[in-house]
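Below is one structure, written out as structure tokens, with a few remarks after it.
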Amino acid sequence: MTMLDIREGVCPLCGHNKIIASAAIDMSPKRHAQYGRQAHLAEAVTYEFDAKDDVVLDAFGRIFRYTCQSCGFVQSFASQPQEIPIDKEKYFTWLIEGPAPVGPYR
Ligand SMILES: [Zn+2]
């Protein structure tokens, strides 16, 4: 079974061939209150902060959304997932490792 990748321009749900791609922007009131103009950062999996000034220095795994223009189905993908740092203390990220793949996808 192969699932269609919405990033290639076809909706996996209804088959429509027009997909709206967009960068997810984090405009939450909390972020705005905390960071002012920097509130308009692209939403990401995790961020690097300057501990002293509590400013965002970098973002890892920026999130892009893909929306079917016909049925509205939405899927999100993080960019460059291999570069997202894994560190529960510093980045609040951790890995969940499933069992080794079996079958034809090994
Ligand atoms: Zn659709």
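Ordering of the structure tokens sets the chain letters (A, B, ...), residue numbers begin anew at 1 in every chain, and ligands are numbered from 1 in the order given.
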
Task: A:Leu13 environment, 12 Å, only C-alpha atoms, sequence neighbours closer than 5 positions dropped, as an MDAnalysis selection string - done: chainID A and resid 3:6 19 67:75

Go ahead and write the residues just picked, all heavy atoms, as a compact mmCIF listing (two decimals), in the first residue's frame.
```txt
# COMPACT_ATOMS: atom_id res chain seq x y z
N MET A 3 0.74 5.37 0.12
CA MET A 3 -0.09 6.55 0.33
C MET A 3 0.46 7.70 -0.50
O MET A 3 1.66 7.88 -0.58
CB MET A 3 -0.11 6.94 1.80
CG MET A 3 -1.16 7.97 2.13
SD MET A 3 -1.17 8.38 3.89
CE MET A 3 -2.23 9.82 3.90
N LEU A 4 -0.44 8.44 -1.15
CA LEU A 4 -0.01 9.59 -1.93
C LEU A 4 0.62 10.63 -1.01
O LEU A 4 0.15 10.86 0.10
CB LEU A 4 -1.22 10.22 -2.63
CG LEU A 4 -1.79 9.47 -3.83
CD1 LEU A 4 -3.10 10.11 -4.26
CD2 LEU A 4 -0.80 9.47 -4.99
N ASP A 5 1.69 11.26 -1.48
CA ASP A 5 2.33 12.33 -0.73
C ASP A 5 1.72 13.65 -1.20
O ASP A 5 1.91 14.06 -2.36
CB ASP A 5 3.84 12.31 -0.99
CG ASP A 5 4.59 13.29 -0.10
OD1 ASP A 5 3.99 14.30 0.32
OD2 ASP A 5 5.78 13.04 0.16
N ILE A 6 1.01 14.31 -0.31
CA ILE A 6 0.28 15.54 -0.67
C ILE A 6 1.23 16.61 -1.22
O ILE A 6 0.84 17.47 -2.00
CB ILE A 6 -0.53 16.07 0.53
CG1 ILE A 6 -1.58 17.09 0.07
CG2 ILE A 6 0.38 16.62 1.62
CD1 ILE A 6 -2.59 17.46 1.15
N ILE A 19 -3.06 21.97 -4.49
CA ILE A 19 -2.74 21.95 -3.07
C ILE A 19 -2.12 23.30 -2.69
O ILE A 19 -1.21 23.78 -3.37
CB ILE A 19 -1.72 20.82 -2.76
CG1 ILE A 19 -2.25 19.46 -3.22
CG2 ILE A 19 -1.35 20.81 -1.27
CD1 ILE A 19 -3.51 18.98 -2.55
N THR A 67 -2.66 22.14 2.11
CA THR A 67 -4.12 22.12 2.22
C THR A 67 -4.73 21.85 0.85
O THR A 67 -4.43 22.55 -0.12
CB THR A 67 -4.62 23.50 2.73
OG1 THR A 67 -3.95 23.80 3.96
CG2 THR A 67 -6.12 23.49 2.95
N CYS A 68 -5.57 20.85 0.79
CA CYS A 68 -6.28 20.55 -0.46
C CYS A 68 -7.27 21.68 -0.75
O CYS A 68 -8.07 22.04 0.11
CB CYS A 68 -7.02 19.22 -0.34
SG CYS A 68 -8.10 18.90 -1.76
N GLN A 69 -7.19 22.24 -1.96
CA GLN A 69 -8.06 23.37 -2.30
C GLN A 69 -9.51 22.93 -2.52
O GLN A 69 -10.40 23.76 -2.54
CB GLN A 69 -7.53 24.05 -3.56
CG GLN A 69 -7.96 25.51 -3.68
CD GLN A 69 -7.41 26.19 -4.89
OE1 GLN A 69 -7.27 25.57 -5.95
NE2 GLN A 69 -7.07 27.46 -4.76
N SER A 70 -9.74 21.64 -2.66
CA SER A 70 -11.11 21.17 -2.87
C SER A 70 -11.79 20.73 -1.57
O SER A 70 -12.82 21.27 -1.19
CB SER A 70 -11.11 20.01 -3.87
OG SER A 70 -12.42 19.52 -4.04
N CYS A 71 -11.18 19.78 -0.85
CA CYS A 71 -11.87 19.23 0.34
C CYS A 71 -11.36 19.82 1.66
O CYS A 71 -11.96 19.61 2.70
CB CYS A 71 -11.78 17.71 0.36
SG CYS A 71 -10.17 17.06 0.86
N GLY A 72 -10.22 20.54 1.62
CA GLY A 72 -9.71 21.17 2.83
C GLY A 72 -8.86 20.28 3.71
O GLY A 72 -8.45 20.68 4.80
N PHE A 73 -8.59 19.08 3.26
CA PHE A 73 -7.71 18.18 4.02
C PHE A 73 -6.36 18.85 4.22
O PHE A 73 -5.80 19.43 3.29
CB PHE A 73 -7.55 16.85 3.27
CG PHE A 73 -6.62 15.88 3.92
CD1 PHE A 73 -6.98 15.22 5.08
CD2 PHE A 73 -5.37 15.61 3.36
CE1 PHE A 73 -6.12 14.31 5.68
CE2 PHE A 73 -4.50 14.70 3.96
CZ PHE A 73 -4.88 14.05 5.12
N VAL A 74 -5.82 18.80 5.46
CA VAL A 74 -4.55 19.46 5.79
C VAL A 74 -3.55 18.45 6.31
O VAL A 74 -3.89 17.61 7.15
CB VAL A 74 -4.74 20.56 6.87
CG1 VAL A 74 -3.42 21.22 7.22
CG2 VAL A 74 -5.74 21.60 6.40
N GLN A 75 -2.32 18.54 5.80
CA GLN A 75 -1.22 17.75 6.34
C GLN A 75 -0.06 18.68 6.64
O GLN A 75 0.17 19.64 5.91
CB GLN A 75 -0.78 16.68 5.35
CG GLN A 75 -1.24 15.29 5.73
CD GLN A 75 -0.66 14.19 4.87
OE1 GLN A 75 -0.29 14.42 3.73
NE2 GLN A 75 -0.60 13.01 5.42
```

Task: Within 9 Å of stretch 55-60 of chain A using only C-alpha atoms, minus same-chain residues under 4 positions, as JSON, numbers by chain - done: {"A": [35, 38, 41, 42, 43, 44, 45, 46, 47, 48, 49, 50, 51, 78, 79, 80, 81, 83, 84, 85]}

Writer output for current selection, all heavy atoms, as a compact mmCIF listing (two decimals), in the first residue's frame:
```
# COMPACT_ATOMS: atom_id res chain seq x y z
N TYR A 35 7.48 37.76 23.02
CA TYR A 35 8.55 38.09 22.08
C TYR A 35 8.24 39.25 21.15
O TYR A 35 9.05 39.57 20.28
CB TYR A 35 8.89 36.85 21.23
CG TYR A 35 9.34 35.70 22.07
CD1 TYR A 35 8.54 34.57 22.22
CD2 TYR A 35 10.56 35.75 22.75
CE1 TYR A 35 8.94 33.52 23.02
CE2 TYR A 35 10.96 34.70 23.55
CZ TYR A 35 10.15 33.59 23.68
OH TYR A 35 10.54 32.55 24.46
N GLN A 38 8.88 39.32 17.24
CA GLN A 38 9.39 37.98 16.92
C GLN A 38 8.30 36.91 17.03
O GLN A 38 8.54 35.75 16.74
CB GLN A 38 10.55 37.61 17.84
CG GLN A 38 11.80 38.39 17.55
CD GLN A 38 13.01 37.73 18.17
OE1 GLN A 38 13.27 36.58 17.92
NE2 GLN A 38 13.71 38.46 19.00
N LEU A 41 7.18 34.28 14.01
CA LEU A 41 8.13 33.28 13.56
C LEU A 41 7.37 32.14 12.90
O LEU A 41 6.23 31.86 13.25
CB LEU A 41 8.86 32.68 14.77
CG LEU A 41 10.00 33.46 15.36
CD1 LEU A 41 10.40 32.79 16.67
CD2 LEU A 41 11.18 33.46 14.40
N ALA A 42 8.04 31.50 11.98
CA ALA A 42 7.46 30.27 11.46
C ALA A 42 7.39 29.27 12.60
O ALA A 42 8.31 29.15 13.39
CB ALA A 42 8.31 29.73 10.32
N GLU A 43 6.28 28.58 12.69
CA GLU A 43 6.14 27.54 13.69
C GLU A 43 7.14 26.43 13.38
O GLU A 43 7.33 26.07 12.22
CB GLU A 43 4.72 27.00 13.66
CG GLU A 43 4.38 26.14 14.84
CD GLU A 43 2.96 25.62 14.76
OE1 GLU A 43 2.12 26.27 14.11
OE2 GLU A 43 2.71 24.56 15.33
N ALA A 44 7.79 25.92 14.40
CA ALA A 44 8.81 24.90 14.20
C ALA A 44 8.67 23.82 15.27
O ALA A 44 7.95 23.99 16.25
CB ALA A 44 10.20 25.51 14.26
N VAL A 45 9.37 22.72 15.08
CA VAL A 45 9.33 21.63 16.05
C VAL A 45 9.97 22.09 17.36
O VAL A 45 9.44 21.87 18.44
CB VAL A 45 10.04 20.38 15.51
CG1 VAL A 45 10.13 19.29 16.58
CG2 VAL A 45 9.29 19.85 14.30
N THR A 46 11.13 22.78 17.26
CA THR A 46 11.76 23.29 18.47
C THR A 46 12.61 24.51 18.12
O THR A 46 12.85 24.80 16.95
CB THR A 46 12.60 22.21 19.18
OG1 THR A 46 12.98 22.70 20.47
CG2 THR A 46 13.84 21.85 18.39
N TYR A 47 13.04 25.25 19.16
CA TYR A 47 13.78 26.49 18.96
C TYR A 47 15.02 26.49 19.84
O TYR A 47 15.06 25.82 20.87
CB TYR A 47 12.93 27.71 19.34
CG TYR A 47 11.62 27.79 18.60
CD1 TYR A 47 10.49 27.15 19.09
CD2 TYR A 47 11.53 28.47 17.40
CE1 TYR A 47 9.28 27.21 18.39
CE2 TYR A 47 10.34 28.54 16.70
CZ TYR A 47 9.22 27.90 17.20
OH TYR A 47 8.04 27.96 16.52
N GLU A 48 15.99 27.29 19.42
CA GLU A 48 17.13 27.54 20.29
C GLU A 48 16.95 28.93 20.88
O GLU A 48 16.71 29.89 20.16
CB GLU A 48 18.43 27.45 19.49
CG GLU A 48 19.64 27.80 20.35
CD GLU A 48 20.87 27.01 19.96
OE1 GLU A 48 20.91 26.48 18.84
OE2 GLU A 48 21.79 26.96 20.79
N PHE A 49 17.07 29.02 22.22
CA PHE A 49 16.88 30.30 22.89
C PHE A 49 18.20 30.81 23.44
O PHE A 49 19.07 30.03 23.85
CB PHE A 49 15.92 30.15 24.08
CG PHE A 49 14.52 29.82 23.68
CD1 PHE A 49 14.09 28.49 23.64
CD2 PHE A 49 13.62 30.82 23.34
CE1 PHE A 49 12.80 28.18 23.27
CE2 PHE A 49 12.33 30.51 22.97
CZ PHE A 49 11.91 29.18 22.94
N ASP A 50 18.34 32.14 23.45
CA ASP A 50 19.42 32.77 24.19
C ASP A 50 18.95 32.80 25.65
O ASP A 50 17.98 33.48 25.98
CB ASP A 50 19.64 34.19 23.66
CG ASP A 50 20.74 34.91 24.42
OD1 ASP A 50 20.79 34.78 25.66
OD2 ASP A 50 21.54 35.60 23.77
N ALA A 51 19.64 32.04 26.50
CA ALA A 51 19.17 31.87 27.87
C ALA A 51 19.12 33.20 28.63
O ALA A 51 18.24 33.42 29.45
CB ALA A 51 20.08 30.89 28.60
N ALA A 78 7.50 18.83 8.80
CA ALA A 78 8.63 19.62 9.29
C ALA A 78 9.74 19.53 8.26
O ALA A 78 10.02 18.46 7.72
CB ALA A 78 9.10 19.09 10.64
N SER A 79 10.40 20.69 8.01
CA SER A 79 11.51 20.69 7.07
C SER A 79 12.78 20.17 7.76
O SER A 79 12.95 20.34 8.96
CB SER A 79 11.74 22.09 6.51
OG SER A 79 12.11 22.96 7.56
N GLN A 80 13.64 19.54 7.00
CA GLN A 80 14.92 19.01 7.47
C GLN A 80 14.84 18.29 8.81
O GLN A 80 15.49 18.68 9.79
CB GLN A 80 15.95 20.15 7.55
CG GLN A 80 16.19 20.80 6.19
CD GLN A 80 17.11 21.99 6.28
OE1 GLN A 80 16.73 23.03 6.83
NE2 GLN A 80 18.30 21.85 5.77
N PRO A 81 14.01 17.24 8.89
CA PRO A 81 13.82 16.55 10.18
C PRO A 81 15.12 15.97 10.75
O PRO A 81 15.24 15.84 11.98
CB PRO A 81 12.80 15.45 9.85
CG PRO A 81 12.84 15.30 8.37
CD PRO A 81 13.22 16.64 7.82
N GLU A 83 17.82 17.39 11.02
CA GLU A 83 18.60 18.41 11.72
C GLU A 83 17.93 18.91 12.99
O GLU A 83 18.43 19.84 13.63
CB GLU A 83 18.88 19.57 10.76
CG GLU A 83 19.82 19.12 9.66
CD GLU A 83 20.14 20.20 8.64
OE1 GLU A 83 19.91 21.37 8.93
OE2 GLU A 83 20.61 19.83 7.55
N ILE A 84 16.83 18.29 13.38
CA ILE A 84 16.17 18.69 14.62
C ILE A 84 16.93 18.08 15.79
O ILE A 84 17.08 16.87 15.87
CB ILE A 84 14.70 18.22 14.63
CG1 ILE A 84 13.93 18.86 13.47
CG2 ILE A 84 14.04 18.55 15.97
CD1 ILE A 84 12.57 18.24 13.21
N PRO A 85 17.46 18.93 16.69
CA PRO A 85 18.23 18.39 17.80
C PRO A 85 17.34 17.62 18.79
O PRO A 85 16.20 18.02 19.05
CB PRO A 85 18.84 19.63 18.46
CG PRO A 85 17.94 20.75 18.06
CD PRO A 85 17.37 20.39 16.73
```

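The smallest atom-to-atom distance between ligand 1 and any of A:Glu8, A:Ile63, A:Lys52, A:His16, using only C-alpha atoms and all ligand atoms, is found for A:His16.
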
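Here atom CA of A:Arg65 stands at a distance of 22.6 Å from atom CA of A:Leu95.
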
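Going from atom CA of A:Phe77 over to atom CA of A:Pro101, you cover 21.6 Å.
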